[in-house]
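Peer 1: Supplied in structure tokens, the structure appears directly below.
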Amino acid sequence: MLGDNARGALLMLGSMAAFTINDTALKILSSDIPLFQTIALRGAGTTVLLALLAWALGQWRQLRLAGRDRSLIALRVAAEIVAAFTFIGALFHMDLANATAILQAVPLAVTLAGAAFLGEPVGWKRLSAIVVGFFGVLLMVRPGTEGFTVHSLLCLAAVGAVTVRDLCTRRLGAAVPSMVVATLTAGGVGLAAALAATVSGGWAPMEPGAIGILAGASAAILFGYVFSILAMRVGEIAVVAPMRYSSLLWALGLGWFVFGDWPRPLTLAGAAIVVTMGVFTFYRERALTSAAGSGPQEVLIRPRT
């Protein structure tokens with residue numbers, strides 16, 4: 001029988017697979033459905049599913065928001081809108097693995113931003129890891145070379161937006177129900193995309209197959225959230241959280257199998273550097289937290305747009 005850590009690791013692997021399947025589904029639709037329509041319809045489906053899950057968990061009855069939390073949730077929704085528009089916009093034109101690899105820089109960016117804006121301590125070891133990790137990002141983006149595109153900048157903008165989103169999440173009160181926040185965020189993204197699609201005239205008829213793929217993307221997002229939450233509840237954070245980086249492996253596999261894409265060696269090298277530095281930074285933070293005797297910190301659900 002599997003132990004708690006093994007089950008937690010498997011659940012996190014499943015969560016990352018579900019999130020990457022969502023990305024794959026959206027990329028499949030990129031040639032048939034306009035960007036904002038895709039985000040709007042997926043947002044509608046995801047919002048309904050998350051709202052039902054929050055209701056089943058009784059979290060709507062627990063909803064008591066202070067003024068500070070309302071402001072943080074509003075900023076979080078705005079950041080998620082930017083992240084969704086930029087990342088999915090880039091995903092429509094980039095290889096799946098390339099876009100996913102750049103997004104792996106989020107934990108490093110959150111650590112740095114936490115030190116700069118929240119006063120969180122960051123020693124020279126973690127700071128050095130962040131610098132090396134951002135060097136890995138440069139290898140993936142390759143500014144000034146033929147491999148550089150504006151879509152790489154969109155991915156970097158998504159990293160910045162997700163960083164803002166996660167900083168807001170860190171500042172939310174502990175009593176704020178997580179699935180309610182996820183529901184409000186998904187609803188905000190869907191509504192913003194619907195408005196953008198209407199203004200830009202970006203609505204197009206959909207074939208039954210496209211509707212099925214979009215429904216699958218919404219379901220995949222839900223499974224991703226549920227598996228991620230379960231993983232953090234049954235396993236130790238130090239074992240489970242690094243499994244988040246398996247999303248890059250799923251993206252490599254699905255990108256090759258579905259689209260026939262494979263990243264360049266420099267992109268793979270940059271991704272390896274970012275992942276290695278991210279794992280080091282995580283374990284270093286956990287070691288310092290344990291030494292301080294402050295107990296485990298919450299690890300956020302994997303940034304997803």
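Chain labels A, B, ... are given in the sequence in which chains occur in the structure tokens; within each chain residues are numbered consecutively from 1, and ligands are likewise numbered from 1 in the order shown.
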Residues near Gln59 of chain A, anyone? I mean within 9 Å using only C-alpha atoms, not counting same-chain ones fewer than 4 positions away, as a PyMOL selection string.
Peer 2: chain A and resi 53-55+63+176-180
Peer 1: Please write the residues from the selection above to a file, keeping N, CA and C atoms, as a JSON list (two decimals), in the first residue's frame.
Peer 2:
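Saved file again-v1.json follows:
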```
[["chain", "number", "residue", "atom", "x", "y", "z"],
["A", 53, "LEU", "N", -17.88, 22.96, -6.89],
["A", 53, "LEU", "CA", -16.95, 22.31, -5.95],
["A", 53, "LEU", "C", -16.88, 23.09, -4.65],
["A", 54, "ALA", "N", -16.81, 24.42, -4.73],
["A", 54, "ALA", "CA", -16.79, 25.24, -3.52],
["A", 54, "ALA", "C", -18.07, 25.06, -2.70],
["A", 55, "TRP", "N", -19.20, 24.93, -3.40],
["A", 55, "TRP", "CA", -20.48, 24.70, -2.71],
["A", 55, "TRP", "C", -20.48, 23.33, -2.02],
["A", 63, "LEU", "N", -17.72, 32.19, 3.70],
["A", 63, "LEU", "CA", -17.17, 33.41, 3.09],
["A", 63, "LEU", "C", -17.43, 34.63, 3.94],
["A", 176, "VAL", "N", -9.87, 32.92, 4.37],
["A", 176, "VAL", "CA", -10.50, 33.09, 3.06],
["A", 176, "VAL", "C", -10.52, 31.74, 2.33],
["A", 177, "PRO", "N", -11.69, 31.23, 1.93],
["A", 177, "PRO", "CA", -11.77, 29.91, 1.29],
["A", 177, "PRO", "C", -11.07, 29.90, -0.07],
["A", 178, "SER", "N", -10.17, 28.96, -0.27],
["A", 178, "SER", "CA", -9.35, 28.95, -1.49],
["A", 178, "SER", "C", -10.17, 28.68, -2.74],
["A", 179, "MET", "N", -11.16, 27.78, -2.67],
["A", 179, "MET", "CA", -11.93, 27.46, -3.87],
["A", 179, "MET", "C", -12.85, 28.62, -4.25],
["A", 180, "VAL", "N", -13.30, 29.40, -3.28],
["A", 180, "VAL", "CA", -14.10, 30.59, -3.60],
["A", 180, "VAL", "C", -13.24, 31.61, -4.34]]
```
Peer 1: With only C-alpha atoms as the counted atoms, please give the residues lying no more than 12 Å from Val274 of chain A, apart from itself and same-chain residues fewer than 3 positions off, as a PDB file with C-alpha atoms, in the first residue's frame.
Peer 2:
```pdb
ATOM      1  CA  THR A 100       5.759  25.989 -20.217  1.00  0.00           C
ATOM      2  CA  ALA A 101       9.518  26.179 -19.644  1.00  0.00           C
ATOM      3  CA  ILE A 102       9.500  29.973 -19.367  1.00  0.00           C
ATOM      4  CA  LEU A 103       6.605  29.774 -16.903  1.00  0.00           C
ATOM      5  CA  GLN A 104       8.791  27.665 -14.589  1.00  0.00           C
ATOM      6  CA  ALA A 105      10.535  30.910 -13.593  1.00  0.00           C
ATOM      7  CA  VAL A 106       7.507  31.937 -11.519  1.00  0.00           C
ATOM      8  CA  PRO A 107       8.733  30.474  -8.170  1.00  0.00           C
ATOM      9  CA  LEU A 108      12.042  32.321  -8.538  1.00  0.00           C
ATOM     10  CA  ALA A 109      10.245  35.554  -9.408  1.00  0.00           C
ATOM     11  CA  ALA A 129      20.110  30.771  -7.261  1.00  0.00           C
ATOM     12  CA  ILE A 130      17.617  33.352  -8.513  1.00  0.00           C
ATOM     13  CA  VAL A 131      20.299  35.122 -10.571  1.00  0.00           C
ATOM     14  CA  VAL A 132      21.439  31.823 -12.102  1.00  0.00           C
ATOM     15  CA  GLY A 133      17.808  30.862 -12.730  1.00  0.00           C
ATOM     16  CA  PHE A 134      17.135  34.084 -14.624  1.00  0.00           C
ATOM     17  CA  PHE A 135      20.239  33.348 -16.714  1.00  0.00           C
ATOM     18  CA  GLY A 136      18.433  30.134 -17.650  1.00  0.00           C
ATOM     19  CA  VAL A 137      15.414  32.234 -18.677  1.00  0.00           C
ATOM     20  CA  LEU A 138      17.658  34.265 -20.987  1.00  0.00           C
ATOM     21  CA  LEU A 139      18.823  31.046 -22.623  1.00  0.00           C
ATOM     22  CA  MET A 140      15.206  30.148 -23.327  1.00  0.00           C
ATOM     23  CA  TYR A 245       8.100  20.917 -12.125  1.00  0.00           C
ATOM     24  CA  LEU A 248       7.676  20.561 -18.082  1.00  0.00           C
ATOM     25  CA  THR A 267      15.937  25.973 -24.496  1.00  0.00           C
ATOM     26  CA  LEU A 268      16.322  22.608 -22.779  1.00  0.00           C
ATOM     27  CA  ALA A 269      19.505  23.787 -21.060  1.00  0.00           C
ATOM     28  CA  GLY A 270      17.810  26.962 -19.867  1.00  0.00           C
ATOM     29  CA  ALA A 271      14.809  25.014 -18.600  1.00  0.00           C
ATOM     30  CA  MET A 277      17.517  26.601  -9.172  1.00  0.00           C
ATOM     31  CA  GLY A 278      13.810  26.559  -8.363  1.00  0.00           C
ATOM     32  CA  VAL A 279      14.091  23.244  -6.516  1.00  0.00           C
ATOM     33  CA  PHE A 280      17.196  24.479  -4.665  1.00  0.00           C
ATOM     34  CA  THR A 281      15.443  27.699  -3.662  1.00  0.00           C
TER      35      THR A 281
END
```
Peer 1: Which residues are near Pro205 of chain A? Cut-off 10 Å, only C-alpha atoms, ignore same chain within fewer than 4 positions. Put them as a ChimeraX atom specification.
Peer 2: /A:32-33,210
Peer 1: Pick from A:Pro242, A:Arg76, A:Gly190, A:Ser152: nearest to Arg170 of chain A, with only C-alpha atoms counted?
Peer 2: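 Closest to Arg170 of chain A of all the choices is A:Arg76.
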Peer 1: Quick one: DSSP alpha helix (DSSP H) residues in segment 6-232 of chain A, as a count of residues only?
Peer 2: 179
